[in-house]
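See structure below.
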Amino acid sequence: MTDALLEVRNLRVEFNTRRGTLVAVDDLSFEIAPGEVLGVVGESGAGKSITGSAIIGLLEPPGRIAAGEILLEGRRVDNLPADEMRKIRGRKIGAIFQDPLTSLNPLYTIGDQIVETIRTHLPLDAAAARRRAIELLGEVGITAPERRIDYFPHQFSGGMRQRVVIALALCANPRLVIADEPTTALDVSIQAQIIALLKRLCREHGTAVMLVTHDMGVIAETADRVAVMYAGRMAEIGPVQAVIHDPQHPYTAGLMGSIPSVGQEVERLPQIEGSMPRLDAIPPGCAFNPRCPRAFDRCRVERPGLLPANRTLAACWLHAPERAAPGAGPGWSEGAVHG
Amino acid sequence: MAEVRIPPLLEVRNLVKEFDVSRPWLNRVIERAPRQVLRAVDDVSFEIERGATLSLVGESGCGKSTVARLICGLYGPTEGKVLFDGVDLASIHRRSDMLAMRRRFQMIFQDPYASLNPRWRVRDIVAEPMRQHRLASDDRTMRSRVDELLVQVGLTARDGEKYPHEFSGGQRQRVSIARALSSRPEFLVCDEPTSALDVSVQAQILNLMRDLQRSHGLTYLFISHNLAVVSHISTTVGVMYLGRIVEIAPTRTLFARPLHPYTRMLESAIPDIEMSGKARTPVAGEVPNPLDPPPGCTFNPRCPHARDKCRAERPALLPFEGARVACHGIHDGWIPIQVIPAAA
């Protein structure tokens, strides 16, 4: 028995389509400790949002959990009936989505929505719930909350709406918040504010966060550990500094190299050739092998599991015990750069 | 010292675009509401030399895309001029002359899903500008030219038979680039061409754009909100805030020595993976309502250095040591200049 808050074991999410079954998440395992921020990165289609939806029990059909289990505080939540899951959602797991406009009901004031959520989960009367809602809105940085609690969502700007959504996610003091691209729809200056807010609140409340994003910069500033996903599988997982500065999977190394940064003057950005395979055409062996500059025979036939590699775990045969030689990093050498 | 000055390929002079966002006439009469005018672009001037890349950065609503559209003629300017190769676009009246001019500049849009006709084959999409401008004498020439273009942007000639939905976002953006290049333009306006793409694909597209710039001698106007991308691709950067350029400088100067407090704020707001652990300085406040911009410098409510002068008098965009900046604090010397040490 571990003391992990959330445990995902061998999760497999499938979509049945007319053309056959697509595996969107394949044998994914990870844990989140109480109060920890786990960043989940990957390109579109890597399965990161699907993983988030699976955890909060909001997978949209035809998506379904085909195998594996999800444990929250040691209790299985992936097979709960819908009404039990609804109690957990909001109370134990909060959610923040990319577009704050779609997470708020345009026909109700934000006060109504927050009070409703609070009263669904906490034994408070209407007046106390309203007091708590005002307090929360103040905490997320909305000025004059006692007046603006009676505003409708459209009366707020994008950044302010995202603050309301954060207040809504945190209002029942959940143990875990799933934040799916919380800053992607926002401008950079607002992004910084929202990230700082999310970090501060979760630290104060001791809430763990699963932060799903494609923005490595956001992860670098916020997360304790990072999980890198590729084609529905875990490519690498480890402490944020290790994954960013010393990535052990060639995919992670390529991904890091392709991010332009201010002040770095390079003629060309290192690029990974090709694109992520479609879900109906995932190659055998390691899913990354056709694009990998260091692939060898074993990569094309046998799928690697997560192997200890320096300070991280990487799903890459380069780190197989019989191969691992000191200094054998996955360096994205010049030769790999497309000429 | 008299040198023959080669005119810049594109020159924009005091460009203004106003949008009428008033309520309908009847409402105005009944509610006695005045007309409301949104000044989306307010007195913007810049020039782009041949072979250079000018980027405009700013947050949503700052008017950068409107500038792009004004240059392409998708909107008519309220005031000001756009000169392409020394010719005022508004002075061209004959349709054939305009068409000839149009051939020389093309546009790439942000969303590669919306900008390609889903019912056309890629071959026809790429060939359309050639048809429009009658650039190919017969179908065979056109076909071989399309094949050549597809290969240039990293696709294969066979891809011409496919429909846009068969491609990923990055590949679609390659199709958009092939289409833009098919009329052999000199100037490309790129409105957030990589914002909808994943980082690894973004790197591919940025590299492709650089290669094409070199091989075709292209000039770019690049619109983006991503400072890191901008620092990589541009020779000059203009920072826009509420419809105006607040600072414009050569890329290296702008990033090494940001002058305007807004530029500094944008730079400190970039999540930087290199310096993780550094405290970002989140700037308080949001962009004010463009319908009712604050008096004086429009940035003054968010500016940590604002003084009374900033609230009263609008700063002009004036030269300052190799850059041009619109800030009283810089020109009057009360804002200290910071030089950011170059990254390794």
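Letters for chains follow the order of the structure tokens (A, B, ...), residue numbers begin at 1 for each chain, and ligand numbers begin at 1 in the order shown.
Residues in contact range of Ile237 of chain A, defined as at most 8 Å between only C-alpha atoms, with sequence neighbours fewer than 2 positions away removed, read Arg225, Val226, Ala227, Val228, Met234, Ala235, Pro239, Val243, Thr312, Leu313 and Ala314 of chain A.
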*If we count only C-alpha atoms, what is near Ile282 of chain A at a cut-off of 12 Å, once residues fewer than 2 positions away on the same chain are taken out, given as a ChimeraX atom specification?*
/A:22-26,46,230-233,275-280,284-290,300,303
May I have the selected residues written with C-alpha atoms, as a compact mmCIF listing (two decimals), in the first residue's frame?
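Resulting contents of part16.txt:
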# COMPACT_ATOMS: atom_id res chain seq x y z
CA LEU A 22 -8.50 2.69 -31.53
CA VAL A 23 -6.33 2.67 -28.45
CA ALA A 24 -6.03 6.26 -27.23
CA VAL A 25 -4.29 5.47 -23.95
CA ASP A 26 -2.21 2.34 -23.77
CA ALA A 46 -0.94 11.99 -27.35
CA TYR A 230 3.55 9.97 -26.93
CA ALA A 231 0.90 8.14 -28.95
CA GLY A 232 -1.09 7.23 -25.84
CA ARG A 233 1.91 5.87 -23.97
CA SER A 275 4.67 13.54 -37.15
CA MET A 276 3.03 11.50 -34.43
CA PRO A 277 1.42 8.35 -35.86
CA ARG A 278 -2.34 8.23 -36.16
CA LEU A 279 -4.03 6.02 -33.62
CA ASP A 280 -4.88 3.45 -36.28
CA PRO A 284 5.02 -2.09 -33.65
CA GLY A 285 7.68 -1.92 -30.97
CA CYS A 286 8.38 1.53 -29.65
CA ALA A 287 5.79 3.95 -31.07
CA PHE A 288 8.52 6.53 -31.67
CA ASN A 289 10.89 4.26 -33.61
CA PRO A 290 10.22 5.51 -37.17
CA ARG A 300 11.11 -2.01 -34.09
CA ARG A 303 7.79 -2.39 -26.92
*Gap from atom CA of Leu89 of chain B to atom CA of Glu18 of chain B - Å, one decimal*: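 Answer for the atom CA of Leu89 of chain B to atom CA of Glu18 of chain B separation: 18.5 Å.
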Can I get the residues of chain A within 7 Å of chain B, each with the closest pair of atoms and their distance in Å to one decimal, using only C-alpha atoms, sorted chain first then ascending number, as JSON lines?
{"residue": "A:Glu43", "atom": "CA", "partner": "B:Asp198", "partner_atom": "CA", "distance": 5.7}
{"residue": "A:Ser44", "atom": "CA", "partner": "B:Asp198", "partner_atom": "CA", "distance": 6.8}
{"residue": "A:Asp187", "atom": "CA", "partner": "B:Glu59", "partner_atom": "CA", "distance": 5.7}
{"residue": "A:Val188", "atom": "CA", "partner": "B:Ala269", "partner_atom": "CA", "distance": 6.2}
{"residue": "A:Ser189", "atom": "CA", "partner": "B:Ala269", "partner_atom": "CA", "distance": 5.6}
{"residue": "A:Ala192", "atom": "CA", "partner": "B:Pro282", "partner_atom": "CA", "distance": 5.3}
{"residue": "A:Gln193", "atom": "CA", "partner": "B:Pro282", "partner_atom": "CA", "distance": 5.1}
{"residue": "A:Met216", "atom": "CA", "partner": "B:Ile273", "partner_atom": "CA", "distance": 6.7}
{"residue": "A:Gly217", "atom": "CA", "partner": "B:Pro271", "partner_atom": "CA", "distance": 4.4}
{"residue": "A:Val218", "atom": "CA", "partner": "B:Pro271", "partner_atom": "CA", "distance": 5.7}
{"residue": "A:Ala220", "atom": "CA", "partner": "B:Ile273", "partner_atom": "CA", "distance": 5.4}
{"residue": "A:Glu221", "atom": "CA", "partner": "B:Ser276", "partner_atom": "CA", "distance": 5.4}
{"residue": "A:Leu255", "atom": "CA", "partner": "B:Ser200", "partner_atom": "CA", "distance": 5.9}
{"residue": "A:Ser258", "atom": "CA", "partner": "B:Ala203", "partner_atom": "CA", "distance": 5.5}
{"residue": "A:Ile259", "atom": "CA", "partner": "B:Val199", "partner_atom": "CA", "distance": 6.1}
{"residue": "A:Pro260", "atom": "CA", "partner": "B:Ala228", "partner_atom": "CA", "distance": 5.6}
{"residue": "A:Ser261", "atom": "CA", "partner": "B:Ala228", "partner_atom": "CA", "distance": 4.8}
{"residue": "A:Val262", "atom": "CA", "partner": "B:Ala228", "partner_atom": "CA", "distance": 4.8}
{"residue": "A:Gly263", "atom": "CA", "partner": "B:Ala343", "partner_atom": "CA", "distance": 5.6}
{"residue": "A:Gln264", "atom": "CA", "partner": "B:Ala343", "partner_atom": "CA", "distance": 6.4}
{"residue": "A:Glu265", "atom": "CA", "partner": "B:His232", "partner_atom": "CA", "distance": 6.8}
{"residue": "A:Arg268", "atom": "CA", "partner": "B:Asn207", "partner_atom": "CA", "distance": 5.8}
{"residue": "A:Leu269", "atom": "CA", "partner": "B:Ala203", "partner_atom": "CA", "distance": 5.9}
{"residue": "A:Gln271", "atom": "CA", "partner": "B:Ala203", "partner_atom": "CA", "distance": 5.8}
{"residue": "A:Ile272", "atom": "CA", "partner": "B:Ser200", "partner_atom": "CA", "distance": 6.3}
*Enumerate the residues of segment 92-339 of chain B with a DSSP assignment of alpha helix (DSSP H), computed from the backbone, and present them as number ranges by chain.*
B: 95-103, 122-132, 139-152, 169-181, 199-216, 227-233, 251-256, 261-269, 308-312, 328-331
_All residues 10 Å or closer to Trp334 of chain B, only C-alpha atoms, same chain fewer than 6 positions away omitted, as number ranges by chain_ = B: 305-307, 328
*Taking only C-alpha atoms into account, which of B:Ala178, B:Val189, B:Ala90, B:Val126 comes nearest Met107 of chain B?*
B:Val189
*asked:* Considering only C-alpha atoms, can you say which of A:Leu71, A:Ile50, A:Leu176, A:Val77 comes closest to Arg91 of chain A?
replied: A:Leu176
*Give the strand (DSSP E or B) residues of segment 46-99 of chain B, as DSSP finds them on the backbone, and put them as a VMD selection string.*
chain B and resid 46 to 48 53 to 57 79 to 84 87 to 88
For the residues selected in the previous step, produce a file with N, CA and C atoms as a short mmCIF file (atom, residue, chain, number, x, y, z; two decimals), in the first residue's frame.
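Just written: part_20.cif:
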data_model
loop_
_atom_site.label_atom_id
_atom_site.label_comp_id
_atom_site.auth_asym_id
_atom_site.auth_seq_id
_atom_site.Cartn_x
_atom_site.Cartn_y
_atom_site.Cartn_z
N PHE B 46 5.58 51.72 -40.15
CA PHE B 46 6.82 50.94 -40.14
C PHE B 46 7.23 50.66 -41.57
N GLU B 47 8.42 50.16 -41.75
CA GLU B 47 8.81 49.71 -43.08
C GLU B 47 9.54 48.39 -42.99
N ILE B 48 9.51 47.64 -44.07
CA ILE B 48 10.19 46.36 -44.11
C ILE B 48 11.11 46.34 -45.32
N THR B 53 12.47 40.22 -42.07
CA THR B 53 11.25 39.76 -41.44
C THR B 53 10.91 40.72 -40.32
N LEU B 54 9.75 41.35 -40.44
CA LEU B 54 9.29 42.20 -39.35
C LEU B 54 8.19 41.45 -38.63
N SER B 55 8.29 41.38 -37.31
CA SER B 55 7.24 40.74 -36.54
C SER B 55 6.48 41.78 -35.75
N LEU B 56 5.18 41.57 -35.67
CA LEU B 56 4.37 42.38 -34.76
C LEU B 56 3.88 41.46 -33.66
N VAL B 57 4.17 41.83 -32.41
CA VAL B 57 3.71 41.01 -31.30
C VAL B 57 2.78 41.83 -30.42
N GLU B 79 -7.48 55.78 -42.40
CA GLU B 79 -6.52 56.83 -42.77
C GLU B 79 -5.19 56.15 -43.01
N GLY B 80 -4.27 56.88 -43.65
CA GLY B 80 -2.93 56.36 -43.81
C GLY B 80 -2.74 55.61 -45.11
N LYS B 81 -1.52 55.17 -45.32
CA LYS B 81 -1.16 54.58 -46.59
C LYS B 81 -0.39 53.29 -46.41
N VAL B 82 -0.55 52.41 -47.38
CA VAL B 82 0.30 51.24 -47.48
C VAL B 82 1.01 51.33 -48.81
N LEU B 83 2.34 51.41 -48.77
CA LEU B 83 3.10 51.48 -50.01
C LEU B 83 3.85 50.19 -50.21
N PHE B 84 3.60 49.57 -51.36
CA PHE B 84 4.30 48.34 -51.69
C PHE B 84 5.24 48.66 -52.84
N VAL B 87 4.69 52.02 -54.31
CA VAL B 87 3.40 52.36 -54.91
C VAL B 87 2.31 52.33 -53.85
N ASP B 88 1.55 53.39 -53.76
CA ASP B 88 0.45 53.44 -52.80
C ASP B 88 -0.67 52.53 -53.28
#
*Hey, what's within 9 Å of Met160 of chain A if we count only C-alpha atoms and toss same-chain stuff fewer than 4 positions away? As a ChimeraX atom specification, please?*
/A:141-142,156,164-165
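Interatomic distance, atom CA of Cys62 of chain B against atom CA of Gln173 of chain B: 24.5 Å.
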Would you tabulate, counting only C-alpha atoms, all residues of segment 200-262 of chain B that have an atom at most 9 Å from an atom of segment 309-324 of chain B, showing the closest pair of atoms and their distance in Å to one decimal, sorted by chain then ascending number, as JSON lines?
{"residue": "B:Ile245", "atom": "CA", "partner": "B:Leu317", "partner_atom": "CA", "distance": 7.6}
{"residue": "B:Val246", "atom": "CA", "partner": "B:Leu317", "partner_atom": "CA", "distance": 6.7}
{"residue": "B:Glu247", "atom": "CA", "partner": "B:Arg324", "partner_atom": "CA", "distance": 5.6}
{"residue": "B:Ile248", "atom": "CA", "partner": "B:Arg324", "partner_atom": "CA", "distance": 5.3}
{"residue": "B:Ala249", "atom": "CA", "partner": "B:Ala323", "partner_atom": "CA", "distance": 4.5}
{"residue": "B:Pro250", "atom": "CA", "partner": "B:Ala323", "partner_atom": "CA", "distance": 7.2}
{"residue": "B:Thr253", "atom": "CA", "partner": "B:Ala323", "partner_atom": "CA", "distance": 7.6}
{"residue": "B:Leu254", "atom": "CA", "partner": "B:Ala323", "partner_atom": "CA", "distance": 7.8}
{"residue": "B:Leu259", "atom": "CA", "partner": "B:Ala323", "partner_atom": "CA", "distance": 8.7}
_Atomic distance atom CA of Gln110 of chain B - atom CA of Tyr220 of chain B, expressed in Å with one decimal_ = 14.8 Å
_Selection: 10 Å around Leu135 of chain B, only C-alpha atoms, excl. self and same-chain fewer than 6 positions, as a VMD selection string_ = chain B and resid 103 127 129 141 to 142 182 to 184
_Need to verify the contact set: Ser29 of chain A, 7 Å, only C-alpha atoms, exclusion of same-chain residues closer than 2 positions in sequence. Can you return it as number ranges by chain?_
A: 8-11, 27
*Shortest interatomic distance to Val41 of chain B - which of B:Pro290, B:Gly154, B:Gly86, B:Pro261, counting only C-alpha atoms*: B:Pro290
